[in-house]
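A.B. asks: So here's entry.cif (mmCIF, C-alpha atoms).
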```cif
data_protein
#
loop_
_atom_site.group_PDB
_atom_site.id
_atom_site.type_symbol
_atom_site.label_atom_id
_atom_site.label_comp_id
_atom_site.auth_asym_id
_atom_site.auth_seq_id
_atom_site.Cartn_x
_atom_site.Cartn_y
_atom_site.Cartn_z
ATOM 1 C CA MET X 1 20.592 2.622 8.074
ATOM 2 C CA LEU X 2 21.902 -0.867 7.377
ATOM 3 C CA ILE X 3 18.360 -2.200 7.108
ATOM 4 C CA GLY X 4 17.546 0.552 4.607
ATOM 5 C CA LEU X 5 20.597 -0.286 2.528
ATOM 6 C CA ALA X 6 19.699 -3.985 2.613
ATOM 7 C CA VAL X 7 16.135 -3.250 1.466
ATOM 8 C CA LEU X 8 17.388 -0.885 -1.227
ATOM 9 C CA LEU X 9 19.914 -3.393 -2.567
ATOM 10 C CA THR X 10 17.349 -6.199 -2.477
ATOM 11 C CA VAL X 11 14.741 -4.194 -4.413
ATOM 12 C CA VAL X 12 17.288 -3.015 -6.997
ATOM 13 C CA ASN X 13 18.597 -6.554 -7.410
ATOM 14 C CA LEU X 14 15.091 -7.970 -7.865
ATOM 15 C CA LEU X 15 14.320 -5.265 -10.422
ATOM 16 C CA ARG X 16 17.532 -5.960 -12.277
ATOM 17 C CA LYS X 17 16.734 -9.685 -12.473
ATOM 18 C CA ARG X 18 13.157 -8.861 -13.540
ATOM 19 C CA ARG X 19 11.709 -10.786 -10.592
ATOM 20 C CA PHE X 20 9.976 -7.681 -9.266
ATOM 21 C CA LYS X 21 7.665 -5.535 -11.369
ATOM 22 C CA GLU X 22 8.304 -1.817 -11.593
ATOM 23 C CA GLU X 23 4.772 -0.973 -10.480
ATOM 24 C CA TYR X 24 5.448 -2.596 -7.100
ATOM 25 C CA ALA X 25 8.991 -1.364 -6.752
ATOM 26 C CA LEU X 26 8.353 2.379 -6.590
ATOM 27 C CA LEU X 27 6.919 2.437 -3.073
ATOM 28 C CA TRP X 28 9.509 -0.066 -1.863
ATOM 29 C CA LEU X 29 12.308 2.090 -3.268
ATOM 30 C CA LEU X 30 10.847 5.133 -1.511
ATOM 31 C CA ALA X 31 10.598 3.178 1.743
ATOM 32 C CA ALA X 32 14.204 2.019 1.425
ATOM 33 C CA LEU X 33 15.409 5.535 0.681
ATOM 34 C CA ALA X 34 13.516 6.817 3.722
ATOM 35 C CA LEU X 35 15.184 4.152 5.884
ATOM 36 C CA VAL X 36 18.580 5.187 4.555
ATOM 37 C CA ALA X 37 17.960 8.947 4.891
ATOM 38 C CA ALA X 38 16.238 8.964 8.295
ATOM 39 C CA PRO X 39 19.374 8.432 10.422
ATOM 40 C CA LEU X 40 21.204 11.096 8.417
ATOM 41 C CA LEU X 41 18.431 13.660 8.847
ATOM 42 C CA ILE X 42 17.498 13.218 12.528
ATOM 43 C CA ASP X 43 17.864 16.877 13.524
ATOM 44 C CA PRO X 44 15.898 18.336 10.577
ATOM 45 C CA LEU X 45 13.191 15.709 11.068
ATOM 46 C CA ASP X 46 12.971 16.535 14.788
ATOM 47 C CA ARG X 47 12.561 20.234 13.954
ATOM 48 C CA LEU X 48 9.894 19.334 11.379
ATOM 49 C CA ALA X 49 8.044 17.258 13.972
ATOM 50 C CA TYR X 50 8.043 20.117 16.493
ATOM 51 C CA PHE X 51 6.978 22.544 13.756
ATOM 52 C CA LEU X 52 4.020 20.294 12.936
ATOM 53 C CA GLY X 53 3.084 20.164 16.606
ATOM 54 C CA VAL X 54 4.217 16.612 17.311
ATOM 55 C CA GLU X 55 5.511 16.513 20.896
ATOM 56 C CA TYR X 56 7.377 13.222 20.499
ATOM 57 C CA PRO X 57 9.312 13.196 17.173
ATOM 58 C CA PRO X 58 9.489 9.380 16.825
ATOM 59 C CA ALA X 59 5.662 9.454 16.675
ATOM 60 C CA LEU X 60 5.981 11.383 13.399
ATOM 61 C CA PHE X 61 8.240 8.666 12.003
ATOM 62 C CA LEU X 62 5.771 6.007 13.094
ATOM 63 C CA GLY X 63 2.918 7.913 11.476
ATOM 64 C CA LEU X 64 4.832 8.293 8.229
ATOM 65 C CA GLY X 65 5.667 4.583 8.291
ATOM 66 C CA ILE X 66 2.002 3.708 8.748
ATOM 67 C CA VAL X 67 1.038 5.991 5.853
ATOM 68 C CA GLY X 68 3.695 4.309 3.685
ATOM 69 C CA LEU X 69 2.375 0.847 4.540
ATOM 70 C CA LEU X 70 -1.174 1.991 3.823
ATOM 71 C CA LEU X 71 -0.035 3.188 0.390
ATOM 72 C CA ILE X 72 1.522 -0.208 -0.305
ATOM 73 C CA ILE X 73 -1.645 -1.989 0.861
ATOM 74 C CA PHE X 74 -3.764 0.332 -1.296
ATOM 75 C CA GLN X 75 -1.638 -0.399 -4.361
ATOM 76 C CA LEU X 76 -1.858 -4.152 -3.770
ATOM 77 C CA SER X 77 -5.631 -3.979 -3.204
ATOM 78 C CA PHE X 78 -6.040 -2.003 -6.423
ATOM 79 C CA ASN X 79 -4.060 -4.611 -8.361
ATOM 80 C CA ILE X 80 -5.965 -7.504 -6.794
ATOM 81 C CA SER X 81 -9.279 -5.892 -7.775
ATOM 82 C CA ARG X 82 -8.095 -5.298 -11.315
ATOM 83 C CA PHE X 83 -6.707 -8.820 -11.680
ATOM 84 C CA SER X 84 -9.811 -10.467 -10.219
ATOM 85 C CA ASP X 85 -11.960 -8.690 -12.832
ATOM 86 C CA ALA X 86 -9.595 -9.821 -15.578
ATOM 87 C CA ILE X 87 -9.624 -13.400 -14.261
ATOM 88 C CA ARG X 88 -13.429 -13.434 -14.214
ATOM 89 C CA VAL X 89 -13.610 -12.233 -17.840
ATOM 90 C CA LEU X 90 -10.967 -14.750 -18.958
ATOM 91 C CA THR X 91 -12.765 -17.574 -17.154
ATOM 92 C CA GLN X 92 -16.016 -16.685 -18.914
ATOM 93 C CA GLU X 93 -14.263 -16.558 -22.289
ATOM 94 C CA ILE X 94 -12.651 -19.964 -21.675
ATOM 95 C CA ALA X 95 -16.036 -21.443 -20.770
ATOM 96 C CA ILE X 96 -17.583 -20.061 -23.972
ATOM 97 C CA LEU X 97 -14.679 -21.361 -26.093
ATOM 98 C CA ARG X 98 -14.819 -24.766 -24.402
ATOM 99 C CA GLN X 99 -18.573 -25.001 -25.074
ATOM 100 C CA ARG X 100 -18.045 -24.055 -28.739
ATOM 101 C CA LEU X 101 -15.256 -26.631 -29.068
ATOM 102 C CA GLU X 102 -17.432 -29.376 -27.588
ATOM 103 C CA THR X 103 -20.230 -28.401 -29.960
ATOM 104 C CA LEU X 104 -17.885 -28.667 -32.943
ATOM 105 C CA GLU X 105 -16.323 -31.954 -31.802
ATOM 106 C CA HIS X 106 -19.606 -33.688 -30.906
ATOM 107 C CA PRO X 107 -22.394 -32.362 -33.095
ATOM 108 C CA THR X 108 -25.764 -33.764 -32.093
ATOM 109 C CA ASP X 109 -28.446 -34.837 -34.526
ATOM 110 C CA PRO X 110 -30.809 -32.004 -35.274
ATOM 111 C CA PRO X 111 -34.109 -32.498 -33.455
ATOM 112 C CA SER X 112 -37.047 -33.547 -35.605
ATOM 113 C CA SER X 113 -39.777 -31.014 -36.188
ATOM 114 C CA SER X 114 -42.567 -33.281 -34.974
ATOM 115 C CA SER X 115 -42.851 -35.374 -31.871
ATOM 116 C CA GLU X 116 -44.131 -38.414 -33.816
ATOM 117 C CA PRO X 117 -41.723 -41.260 -34.538
ATOM 118 C CA PRO X 118 -40.692 -41.661 -38.173
ATOM 119 C CA GLU X 119 -42.767 -44.005 -40.319
ATOM 120 C CA PRO X 120 -41.178 -47.287 -41.439
#
```
What would you get if you wrote out this structure as structure tokens?

C.D. replies:
Amino acid sequence: MLIGLAVLLTVVNLLRKRRFKEEYALLWLLAALALVAAPLLIDPLDRLAYFLGVEYPPALFLGLGIVGLLLIIFQLSFNISRFSDAIRVLTQEIAILRQRLETLEHPTDPPSSSSEPPEP
């Protein structure tokens, strides 16, 4: 329970200081609340585990923890994919702008229409 309270206070504090984005905080808040509530709800959770057919109730907690971590990993993977696409587009736009800037700063002489040297 103390670990849950520490996680909960840390996440709330990071949110308050705007060092943690809300999109990442939701699953962490749920995880912290689960860590706080689990010791208080041992008997109902044991009955739920037996109702679901889990012979060893801590296995249900472990399974739920794994599902929670998979949700966090999924959210982070989704954001990484989205950000990598955005970075690729921004990199391409910077390259185009840089090429245009170099063209404007260093204009080259227009090529002559014929391959013969000019007459004196």

A.B. asks: Would you write out, as a PDB file with C-alpha atoms, in the frame of the given file, every residue that the PyMOL selection byres ((chain X and resi 34-37) around 8) captures in this file?

C.D. replies:
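Output below, filename selection.pdb:
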```pdb
ATOM      1  CA  MET X   1      20.592   2.622   8.074  1.00  0.00           C
ATOM      2  CA  LEU X   2      21.902  -0.867   7.377  1.00  0.00           C
ATOM      3  CA  ILE X   3      18.360  -2.200   7.108  1.00  0.00           C
ATOM      4  CA  GLY X   4      17.546   0.552   4.607  1.00  0.00           C
ATOM      5  CA  LEU X   5      20.597  -0.286   2.528  1.00  0.00           C
ATOM      6  CA  LEU X  30      10.847   5.133  -1.511  1.00  0.00           C
ATOM      7  CA  ALA X  31      10.598   3.178   1.743  1.00  0.00           C
ATOM      8  CA  ALA X  32      14.204   2.019   1.425  1.00  0.00           C
ATOM      9  CA  LEU X  33      15.409   5.535   0.681  1.00  0.00           C
ATOM     10  CA  ALA X  38      16.238   8.964   8.295  1.00  0.00           C
ATOM     11  CA  PRO X  39      19.374   8.432  10.422  1.00  0.00           C
ATOM     12  CA  LEU X  40      21.204  11.096   8.417  1.00  0.00           C
ATOM     13  CA  LEU X  41      18.431  13.660   8.847  1.00  0.00           C
TER      14      LEU X  41
END
```

A.B. asks: Applied to the shown file, which residues does the PyMOL selection byres ((chain X and resi 22-26) around 9) return, written as a list in words?

C.D. replies: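 Selected by the PyMOL selection byres ((chain X and resi 22-26) around 9) here: Val11, Val12, Leu15, Arg18, Phe20, Lys21, Leu27, Trp28, Leu29, Leu30, Ala31, Ile72, Gln75 and Leu76 of chain X.
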
A.B. asks: Hey, can you check how far atom CA of Leu45 of chain X sits from atom CA of Phe61 of chain X?

C.D. replies: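 Computing it gives 8.7 Å between the two atoms.
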
A.B. asks: Find the smallest box with edges along x, y and z containing every listed atom of segment 15-31 of chain X, then add 3 Å on each side and report centre and edge lengths in Å to one decimal, as lines of an AutoDock Vina configuration file.

C.D. replies:
```
center_x = 11.2
center_y = -2.8
center_z = -5.9
size_x = 18.8
size_y = 21.9
size_z = 21.3
```

A.B. asks: By how many Å are atom CA of Ile66 of chain X and atom CA of Val54 of chain X apart?

C.D. replies: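 These two atoms are separated by 15.6 Å.
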
A.B. asks: If the PyMOL selection byres ((chain X and resi 46) around 10) is run on the structure shown, which residues does it catch, given as a list in words?

C.D. replies: Leu41, Ile42, Asp43, Pro44, Leu45, Arg47, Leu48, Ala49, Tyr50, Phe51, Leu52, Val54, Glu55, Tyr56, Pro57, Pro58, Leu60 and Phe61 of chain X

A.B. asks: Kindly give the distance, in Å, that separates atom CA of Gly63 of chain X and atom CA of Thr10 of chain X, rounded to a single decimal.

C.D. replies: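 Going from atom CA of Gly63 of chain X over to atom CA of Thr10 of chain X covers 24.5 Å.
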